[in-house]
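Chemist: Supplied structure: input.cif, mmCIF, C-alpha atoms.
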data_data
loop_
_atom_site.label_atom_id
_atom_site.label_comp_id
_atom_site.auth_asym_id
_atom_site.auth_seq_id
_atom_site.Cartn_x
_atom_site.Cartn_y
_atom_site.Cartn_z
CA MET A 1 -26.84 -7.61 26.25
CA ALA A 2 -26.47 -11.40 25.91
CA GLU A 3 -27.80 -11.29 22.34
CA LYS A 4 -25.37 -8.52 21.44
CA LYS A 5 -22.49 -10.53 22.88
CA LYS A 6 -23.55 -13.60 20.92
CA ALA A 7 -23.78 -11.57 17.70
CA VAL A 8 -20.25 -10.19 18.20
CA SER A 9 -18.97 -13.68 19.03
CA VAL A 10 -20.50 -15.11 15.85
CA LEU A 11 -19.04 -12.28 13.76
CA LEU A 12 -15.52 -12.71 15.15
CA ASN A 13 -15.57 -16.51 15.24
CA GLY A 14 -14.49 -16.91 11.62
CA LEU A 15 -11.48 -14.64 12.03
CA ILE A 16 -9.65 -16.65 14.70
CA ASN A 17 -11.33 -19.56 16.50
CA GLU A 18 -12.79 -21.17 13.37
CA ASN A 19 -10.84 -19.48 10.61
CA PRO A 20 -11.85 -21.59 7.61
CA THR A 21 -8.37 -21.64 6.05
CA PHE A 22 -5.86 -21.53 8.89
CA ARG A 23 -7.89 -23.36 11.55
CA LEU A 24 -10.42 -25.63 9.79
CA LEU A 25 -8.35 -26.14 6.60
CA LEU A 26 -11.42 -25.82 4.37
CA GLY A 27 -11.45 -24.52 0.79
CA MET A 28 -7.87 -25.58 0.12
CA CYS A 29 -8.27 -25.62 -3.69
CA PRO A 30 -8.72 -21.85 -4.17
CA SER A 31 -6.43 -21.14 -1.21
CA LEU A 32 -3.54 -22.75 -3.08
CA ALA A 33 -4.52 -22.26 -6.72
CA VAL A 34 -5.39 -18.55 -6.97
CA THR A 35 -3.04 -17.07 -4.37
CA THR A 36 -0.11 -16.36 -6.70
CA MET A 37 -0.94 -12.66 -6.22
CA ALA A 38 -2.45 -10.77 -3.30
CA LYS A 39 -5.18 -9.18 -5.44
CA ASN A 40 -6.31 -12.64 -6.58
CA GLY A 41 -6.74 -13.69 -2.96
CA LEU A 42 -8.64 -10.50 -2.19
CA GLY A 43 -10.91 -10.96 -5.21
CA MET A 44 -11.59 -14.63 -4.49
CA GLY A 45 -12.30 -13.87 -0.85
CA ALA A 46 -14.73 -11.08 -1.73
CA ALA A 47 -16.57 -13.36 -4.18
CA ALA A 48 -16.82 -16.17 -1.62
CA THR A 49 -18.01 -13.72 1.06
CA PHE A 50 -20.79 -12.47 -1.22
CA VAL A 51 -21.98 -16.05 -1.79
CA LEU A 52 -21.61 -16.93 1.89
CA VAL A 53 -23.68 -14.00 3.13
CA GLY A 54 -26.37 -14.34 0.47
CA SER A 55 -26.77 -18.12 0.76
CA ASN A 56 -26.72 -18.03 4.57
CA LEU A 57 -29.48 -15.43 4.58
CA VAL A 58 -31.74 -17.27 2.13
CA ILE A 59 -31.15 -20.69 3.70
CA SER A 60 -31.95 -19.36 7.18
CA LEU A 61 -35.23 -17.96 5.79
CA ILE A 62 -36.33 -21.15 4.00
CA ARG A 63 -34.94 -23.74 6.44
CA LYS A 64 -38.35 -24.45 8.03
CA ILE A 65 -40.26 -24.90 4.78
CA VAL A 66 -37.76 -27.04 2.82
CA PRO A 67 -38.48 -30.80 3.26
CA ASP A 68 -35.55 -32.68 4.72
CA LYS A 69 -35.41 -35.07 1.73
CA VAL A 70 -34.60 -32.24 -0.69
CA ARG A 71 -32.64 -30.06 1.72
CA ILE A 72 -29.23 -30.58 0.12
CA PRO A 73 -30.38 -30.03 -3.52
CA ALA A 74 -32.28 -26.94 -2.42
CA TYR A 75 -29.27 -25.49 -0.62
CA ILE A 76 -26.97 -26.21 -3.58
CA THR A 77 -29.44 -24.44 -5.87
CA VAL A 78 -29.40 -21.36 -3.62
CA ILE A 79 -25.59 -21.37 -3.52
CA ALA A 80 -25.39 -21.84 -7.29
CA GLY A 81 -27.70 -18.86 -7.80
CA PHE A 82 -25.47 -16.52 -5.80
CA THR A 83 -22.34 -17.95 -7.46
CA THR A 84 -23.81 -17.19 -10.89
CA MET A 85 -24.58 -13.65 -9.75
CA VAL A 86 -21.04 -13.01 -8.55
CA GLN A 87 -19.56 -14.53 -11.72
CA LEU A 88 -21.66 -12.25 -13.92
CA LEU A 89 -20.72 -9.21 -11.82
CA LEU A 90 -17.02 -10.03 -12.09
CA ALA A 91 -17.29 -10.59 -15.84
CA ALA A 92 -19.05 -7.24 -16.27
CA PHE A 93 -17.01 -4.99 -13.97
CA PHE A 94 -13.70 -6.83 -13.32
CA PRO A 95 -12.97 -8.84 -16.49
CA GLU A 96 -9.23 -9.11 -15.80
CA LEU A 97 -9.80 -10.48 -12.30
CA ASN A 98 -12.48 -12.81 -13.62
CA LYS A 99 -9.94 -14.15 -16.15
CA GLN A 100 -7.30 -14.62 -13.45
CA LEU A 101 -9.65 -16.54 -11.13
CA GLY A 102 -11.05 -18.58 -14.01
CA ILE A 103 -12.76 -21.86 -13.14
CA TYR A 104 -12.45 -21.24 -9.39
CA ILE A 105 -15.36 -18.76 -9.42
CA PRO A 106 -17.99 -21.29 -10.61
CA LEU A 107 -16.38 -23.86 -8.29
CA ILE A 108 -17.55 -21.74 -5.33
CA VAL A 109 -20.75 -23.79 -5.68
CA VAL A 110 -18.94 -26.83 -4.29
CA ASN A 111 -16.67 -24.95 -1.90
CA CYS A 112 -16.88 -26.83 1.40
CA ILE A 113 -16.81 -23.57 3.41
CA ILE A 114 -20.06 -22.40 1.83
CA PHE A 115 -21.93 -25.67 2.24
CA ALA A 116 -20.53 -26.30 5.73
CA ARG A 117 -21.88 -22.98 7.01
CA ALA A 118 -25.26 -23.66 5.38
CA GLU A 119 -25.51 -27.05 7.07
CA MET A 120 -23.91 -26.24 10.41
CA PHE A 121 -25.12 -22.70 11.03
CA ALA A 122 -27.70 -21.18 8.67
CA GLN A 123 -29.94 -24.23 8.92
CA LYS A 124 -30.14 -23.84 12.70
CA ASN A 125 -30.16 -20.07 13.24
CA GLY A 126 -32.12 -16.98 12.26
CA PRO A 127 -31.33 -14.52 9.45
CA LEU A 128 -29.33 -11.97 11.49
CA LEU A 129 -26.92 -14.46 13.06
CA SER A 130 -26.62 -16.30 9.73
CA VAL A 131 -25.64 -13.09 7.94
CA LEU A 132 -23.10 -12.27 10.68
CA ASP A 133 -21.69 -15.79 10.41
CA GLY A 134 -21.34 -15.36 6.65
CA ILE A 135 -19.56 -12.03 7.07
CA GLY A 136 -17.23 -13.41 9.76
CA MET A 137 -16.35 -16.58 7.87
CA GLY A 138 -15.96 -14.66 4.62
CA ALA A 139 -13.71 -12.09 6.29
CA GLY A 140 -11.59 -14.86 7.82
CA PHE A 141 -11.27 -16.62 4.46
CA THR A 142 -10.47 -13.36 2.65
CA LEU A 143 -7.87 -12.36 5.22
CA ALA A 144 -6.20 -15.78 5.11
CA ILE A 145 -5.90 -16.13 1.33
CA THR A 146 -4.87 -12.49 0.93
CA ILE A 147 -2.03 -13.10 3.41
CA ILE A 148 -1.03 -16.28 1.54
CA GLY A 149 -1.16 -14.40 -1.77
CA SER A 150 0.88 -11.52 -0.34
CA VAL A 151 3.62 -13.81 0.97
CA ARG A 152 3.83 -15.74 -2.29
CA GLU A 153 3.79 -12.61 -4.45
CA ILE A 154 6.43 -10.77 -2.41
CA LEU A 155 8.79 -13.75 -2.19
CA GLY A 156 8.11 -15.08 -5.68
CA ALA A 157 7.71 -11.95 -7.80
CA GLY A 158 9.05 -9.13 -5.63
CA THR A 159 5.77 -7.21 -5.89
CA TRP A 160 2.65 -6.62 -3.80
CA MET A 161 -0.63 -5.87 -5.57
CA GLY A 162 1.52 -5.51 -8.69
CA ILE A 163 3.73 -2.82 -7.10
CA PRO A 164 7.50 -3.56 -6.86
CA VAL A 165 8.49 -3.75 -3.18
CA THR A 166 11.74 -5.76 -3.04
CA VAL A 167 13.92 -3.83 -5.47
CA ASP A 168 17.59 -4.12 -4.37
CA LEU A 169 16.53 -6.11 -1.27
CA PHE A 170 16.65 -9.69 -2.56
CA GLU A 171 16.18 -11.71 -5.70
CA PRO A 172 12.63 -13.16 -5.85
CA ALA A 173 12.37 -16.97 -5.84
CA ILE A 174 9.97 -17.97 -8.60
CA MET A 175 9.25 -21.22 -6.72
CA PHE A 176 6.82 -19.34 -4.46
CA ILE A 177 4.43 -18.54 -7.30
CA LEU A 178 4.52 -22.17 -8.44
CA PRO A 179 2.49 -25.00 -6.81
CA PRO A 180 5.32 -26.21 -4.49
CA GLY A 181 5.68 -22.67 -3.13
CA GLY A 182 1.94 -22.57 -2.44
CA PHE A 183 2.13 -25.65 -0.24
CA LEU A 184 5.25 -24.35 1.49
CA ALA A 185 3.76 -20.92 2.24
CA MET A 186 0.49 -22.49 3.39
CA GLY A 187 2.26 -24.89 5.75
CA PHE A 188 4.35 -22.18 7.42
CA LEU A 189 1.41 -19.78 7.76
CA VAL A 190 -0.90 -22.43 9.24
CA ALA A 191 1.81 -23.38 11.74
CA LEU A 192 2.41 -19.73 12.66
CA PHE A 193 -1.32 -19.01 13.05
CA ASN A 194 -1.88 -22.03 15.29
CA LYS A 195 1.21 -21.26 17.34
CA LEU A 196 0.08 -17.69 18.03
CA THR A 197 -3.56 -18.57 18.76
CA SER A 198 -2.72 -21.57 20.95
CA ARG A 199 -0.38 -19.43 23.06
CA LYS A 200 -3.10 -16.83 23.53
CA LYS A 201 -5.60 -19.54 24.49
CA LYS A 202 -3.12 -21.06 26.95
CA ASP A 203 -2.58 -17.71 28.68
CA LYS A 204 -6.34 -17.22 28.98
CA ASN A 205 -6.82 -20.70 30.46
CA GLU A 206 -4.05 -20.11 33.00
CA CYS A 207 -5.83 -16.97 34.19
CA LYS A 208 -9.09 -18.90 34.55
CA THR A 209 -7.54 -21.74 36.58
CA GLY A 210 -5.75 -19.26 38.84
CA CYS A 211 -2.04 -18.92 39.44
CA GLY A 212 -2.05 -16.66 42.45
CA MET A 213 -2.38 -13.63 40.15
CA GLY A 214 1.37 -13.69 39.76
CA CYS A 215 1.68 -14.16 36.00
CA PRO A 216 1.71 -11.13 33.69
CA GLY A 217 -1.47 -12.30 31.91
CA CYS A 218 -3.47 -12.53 35.14
CA SER A 219 -2.12 -9.24 36.43
CA GLN A 220 -3.13 -7.60 33.16
CA ALA A 221 -6.60 -9.17 33.30
CA ALA A 222 -7.04 -8.03 36.91
CA ASN A 223 -6.18 -4.47 35.91
CA GLY A 224 -8.84 -4.41 33.22
CA GLY A 225 -6.44 -5.18 30.35
CA GLU A 226 -3.86 -2.50 31.27
CA ALA A 227 -0.22 -3.51 31.40
#
As structure tokens, please, write out the structure in this file.

Modeler:
Amino acid sequence: MAEKKKAVSVLLNGLINENPTFRLLLGMCPSLAVTTMAKNGLGMGAAATFVLVGSNLVISLIRKIVPDKVRIPAYITVIAGFTTMVQLLLAAFFPELNKQLGIYIPLIVVNCIIFARAEMFAQKNGPLLSVLDGIGMGAGFTLAITIIGSVREILGAGTWMGIPVTVDLFEPAIMFILPPGGFLAMGFLVALFNKLTSRKKKDKNECKTGCGMGCPGCSQAANGGEA
């Protein structure tokens, strides 16, 4: 039961507590550069998730046989191998997306999210947890940059996934699909994410410290989550 709980915790960790984009602020280059459209964010996130899962798995399997002196070059080689695979797959099956993402696909090799998870997690844990960590972190990254891309595309172009959605509602502001709009959207979304998650954490802490069971959060917790 404890192992199952740990596996679920590892899987969900990247979505909220350690979201690589909104919480840890890692991988800012692709988060700002390719998110002019929602589908670009989705494609970049899927590519990074593929590399994350594959490299985490391989690194967790070879961690005990790779000498410490060559650990970093070995890990970079593994990451580069999976990055090359995903680049070739995109070029073969999604050429338009591959063109849109451009140089940021090969730059996955030096994406700090990928290497950070290799060093901090895959190097210290077994294959199953490492794969779950890769899926969770990849899902968190994909979700974050797809949201950023959606906001920028809707406000800047009036479309979502290329489909017009703001006809007769408002005039799109082209600034949002330009670099200044990327920083602006990122700043507001990071602030909103941290505001929502910190409030949730505060409510949970209040229930733990005890408040006479008078607050709505504690009453809800006492009733098994029912309002």

Chemist: Please measure the separation of atom CA of A:Phe121 and atom CA of A:Ala7, giving the value in Å to one decimal.

Modeler: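 Separating atom CA of A:Phe121 from atom CA of A:Ala7 is a distance of 13.0 Å.
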
Chemist: Write out as JSON lines a residue-level contact list of stretch 24-91 of chain A versus stretch 125-131 of chain A with cut-off 7 Å: for each qualifying residue the closest pair of atoms and the distance in Å to one decimal, counting all atoms listed in the file, rows sorted by chain and residue number upward.

Modeler:
{"residue": "A:Val53", "atom": "CA", "partner": "A:Val131", "partner_atom": "CA", "distance": 5.3}
{"residue": "A:Asn56", "atom": "CA", "partner": "A:Ser130", "partner_atom": "CA", "distance": 5.4}
{"residue": "A:Leu57", "atom": "CA", "partner": "A:Pro127", "partner_atom": "CA", "distance": 5.3}
{"residue": "A:Ser60", "atom": "CA", "partner": "A:Pro127", "partner_atom": "CA", "distance": 5.4}
{"residue": "A:Leu61", "atom": "CA", "partner": "A:Pro127", "partner_atom": "CA", "distance": 6.4}

Chemist: I would like the residues chosen by the PyMOL selection byres ((chain A and resi 115) around 12) on the shown file; could you give them as a ChimeraX atom specification?

Modeler: /A:26-27,48,51-53,55-56,59,71-80,108-114,116-123,134

Chemist: Generate a file of the selected residues that holds C-alpha atoms, formatted as a tab-separated table (two decimals), in the coordinates of the input.

Modeler:
chain	number	residue	atom	x	y	z
A	26	LEU	CA	-11.42	-25.82	4.37
A	27	GLY	CA	-11.45	-24.52	0.79
A	48	ALA	CA	-16.82	-16.17	-1.62
A	51	VAL	CA	-21.98	-16.05	-1.79
A	52	LEU	CA	-21.61	-16.93	1.89
A	53	VAL	CA	-23.68	-14.00	3.13
A	55	SER	CA	-26.77	-18.12	0.76
A	56	ASN	CA	-26.72	-18.03	4.57
A	59	ILE	CA	-31.15	-20.69	3.70
A	71	ARG	CA	-32.64	-30.06	1.72
A	72	ILE	CA	-29.23	-30.58	0.12
A	73	PRO	CA	-30.38	-30.03	-3.52
A	74	ALA	CA	-32.28	-26.94	-2.42
A	75	TYR	CA	-29.27	-25.49	-0.62
A	76	ILE	CA	-26.97	-26.21	-3.58
A	77	THR	CA	-29.44	-24.44	-5.87
A	78	VAL	CA	-29.40	-21.36	-3.62
A	79	ILE	CA	-25.59	-21.37	-3.52
A	80	ALA	CA	-25.39	-21.84	-7.29
A	108	ILE	CA	-17.55	-21.74	-5.33
A	109	VAL	CA	-20.75	-23.79	-5.68
A	110	VAL	CA	-18.94	-26.83	-4.29
A	111	ASN	CA	-16.67	-24.95	-1.90
A	112	CYS	CA	-16.88	-26.83	1.40
A	113	ILE	CA	-16.81	-23.57	3.41
A	114	ILE	CA	-20.06	-22.40	1.83
A	116	ALA	CA	-20.53	-26.30	5.73
A	117	ARG	CA	-21.88	-22.98	7.01
A	118	ALA	CA	-25.26	-23.66	5.38
A	119	GLU	CA	-25.51	-27.05	7.07
A	120	MET	CA	-23.91	-26.24	10.41
A	121	PHE	CA	-25.12	-22.70	11.03
A	122	ALA	CA	-27.70	-21.18	8.67
A	123	GLN	CA	-29.94	-24.23	8.92
A	134	GLY	CA	-21.34	-15.36	6.65

Chemist: Smallest atom-to-atom distance to A:Ile16: which of A:Ile154, A:Leu88, A:Leu143, A:Ile163, using only C-alpha atoms?

Modeler: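 Smallest separation from A:Ile16 among the options: A:Leu143.
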
Chemist: Work out how far apart atom CA of A:Leu196 and atom CA of A:Leu42 are and give it in Å to one decimal.

Modeler: 23.2 Å

Chemist: Might you spell out which residues the PyMOL selection byres ((chain A and resi 11) around 8) would select in the displayed file, as a compact mmCIF listing (two decimals) with C-alpha atoms, in the coordinates of the input?

Modeler:
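Result went into result25.txt, see below:
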# COMPACT_ATOMS: atom_id res chain seq x y z
CA ALA A 7 -23.78 -11.57 17.70
CA VAL A 8 -20.25 -10.19 18.20
CA SER A 9 -18.97 -13.68 19.03
CA VAL A 10 -20.50 -15.11 15.85
CA LEU A 12 -15.52 -12.71 15.15
CA ASN A 13 -15.57 -16.51 15.24
CA GLY A 14 -14.49 -16.91 11.62
CA LEU A 132 -23.10 -12.27 10.68
CA ASP A 133 -21.69 -15.79 10.41
CA ILE A 135 -19.56 -12.03 7.07
CA GLY A 136 -17.23 -13.41 9.76
CA MET A 137 -16.35 -16.58 7.87

Chemist: Which value, in Å to one decimal, gives the distance between atom CA of A:Arg152 and atom CA of A:Gln100?

Modeler: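 Value for the atom CA of A:Arg152-atom CA of A:Gln100 distance: 15.8 Å.
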
Chemist: Find, counting all atoms listed in the file, the residue in A:Tyr104, A:Leu90, A:Arg63, A:Ala46 that gets nearest to A:Leu32.

Modeler: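 The answer is A:Tyr104, which sits nearest to A:Leu32.
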
Chemist: Would you mind telling me which residue in A:Leu192, A:Ile145, A:Leu24, A:Ile177 lies nearest to A:Gly158 when using only C-alpha atoms?

Modeler: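 Looking at the shortest contact to A:Gly158, the residue is A:Ile177.
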
Chemist: Show which residues sit within 12 Å of A:Leu25, as a JSON list (two decimals) with C-alpha atoms, in the coordinates of the input. Count all atoms listed in the file, and ignore same-chain residues fewer than 3 positions away.

Modeler:
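Contents of the output file out_13.json:
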[["chain", "number", "residue", "atom", "x", "y", "z"],
["A", 18, "GLU", "CA", -12.79, -21.17, 13.37],
["A", 19, "ASN", "CA", -10.84, -19.48, 10.61],
["A", 20, "PRO", "CA", -11.85, -21.59, 7.61],
["A", 21, "THR", "CA", -8.37, -21.64, 6.05],
["A", 22, "PHE", "CA", -5.86, -21.53, 8.89],
["A", 28, "MET", "CA", -7.87, -25.58, 0.12],
["A", 29, "CYS", "CA", -8.27, -25.62, -3.69],
["A", 30, "PRO", "CA", -8.72, -21.85, -4.17],
["A", 31, "SER", "CA", -6.43, -21.14, -1.21],
["A", 32, "LEU", "CA", -3.54, -22.75, -3.08],
["A", 111, "ASN", "CA", -16.67, -24.95, -1.90],
["A", 112, "CYS", "CA", -16.88, -26.83, 1.40],
["A", 113, "ILE", "CA", -16.81, -23.57, 3.41],
["A", 140, "GLY", "CA", -11.59, -14.86, 7.82],
["A", 141, "PHE", "CA", -11.27, -16.62, 4.46],
["A", 144, "ALA", "CA", -6.20, -15.78, 5.11],
["A", 145, "ILE", "CA", -5.90, -16.13, 1.33],
["A", 186, "MET", "CA", 0.49, -22.49, 3.39],
["A", 187, "GLY", "CA", 2.26, -24.89, 5.75],
["A", 189, "LEU", "CA", 1.41, -19.78, 7.76],
["A", 190, "VAL", "CA", -0.90, -22.43, 9.24],
["A", 191, "ALA", "CA", 1.81, -23.38, 11.74],
["A", 193, "PHE", "CA", -1.32, -19.01, 13.05],
["A", 194, "ASN", "CA", -1.88, -22.03, 15.29]]

Chemist: Quick one: of A:Gly182, A:Gly81, A:Gly138, A:Pro67, who's nearest to A:Leu155, counting all atoms listed in the file?

Modeler: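 For A:Leu155, the nearest of the given residues is A:Gly182.
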
Chemist: Hey, what's within 8 Å of stretch 84-87 of chain A if we count only C-alpha atoms and toss same-chain stuff fewer than 6 positions away? As a ChimeraX atom specification, please?

Modeler: /A:47,50-51,98,105-106

Chemist: Using the file's own x, y and z axes, so that the box edges lie along x, y and z, what centre and edge lengths in Å (one decimal) does a box around every listed atom of stretch 107-122 of chain A get when 3 Å is added on each side? Give it as lines of an AutoDock Vina configuration file.

Modeler:
center_x = -22.0
center_y = -24.1
center_z = 1.4
size_x = 17.3
size_y = 11.9
size_z = 25.3

Chemist: Looking at A:Phe82, A:Pro172, A:Thr146, A:Thr166, which one is nearest to A:Gly43, with distances taken over all atoms listed in the file?

Modeler: A:Thr146
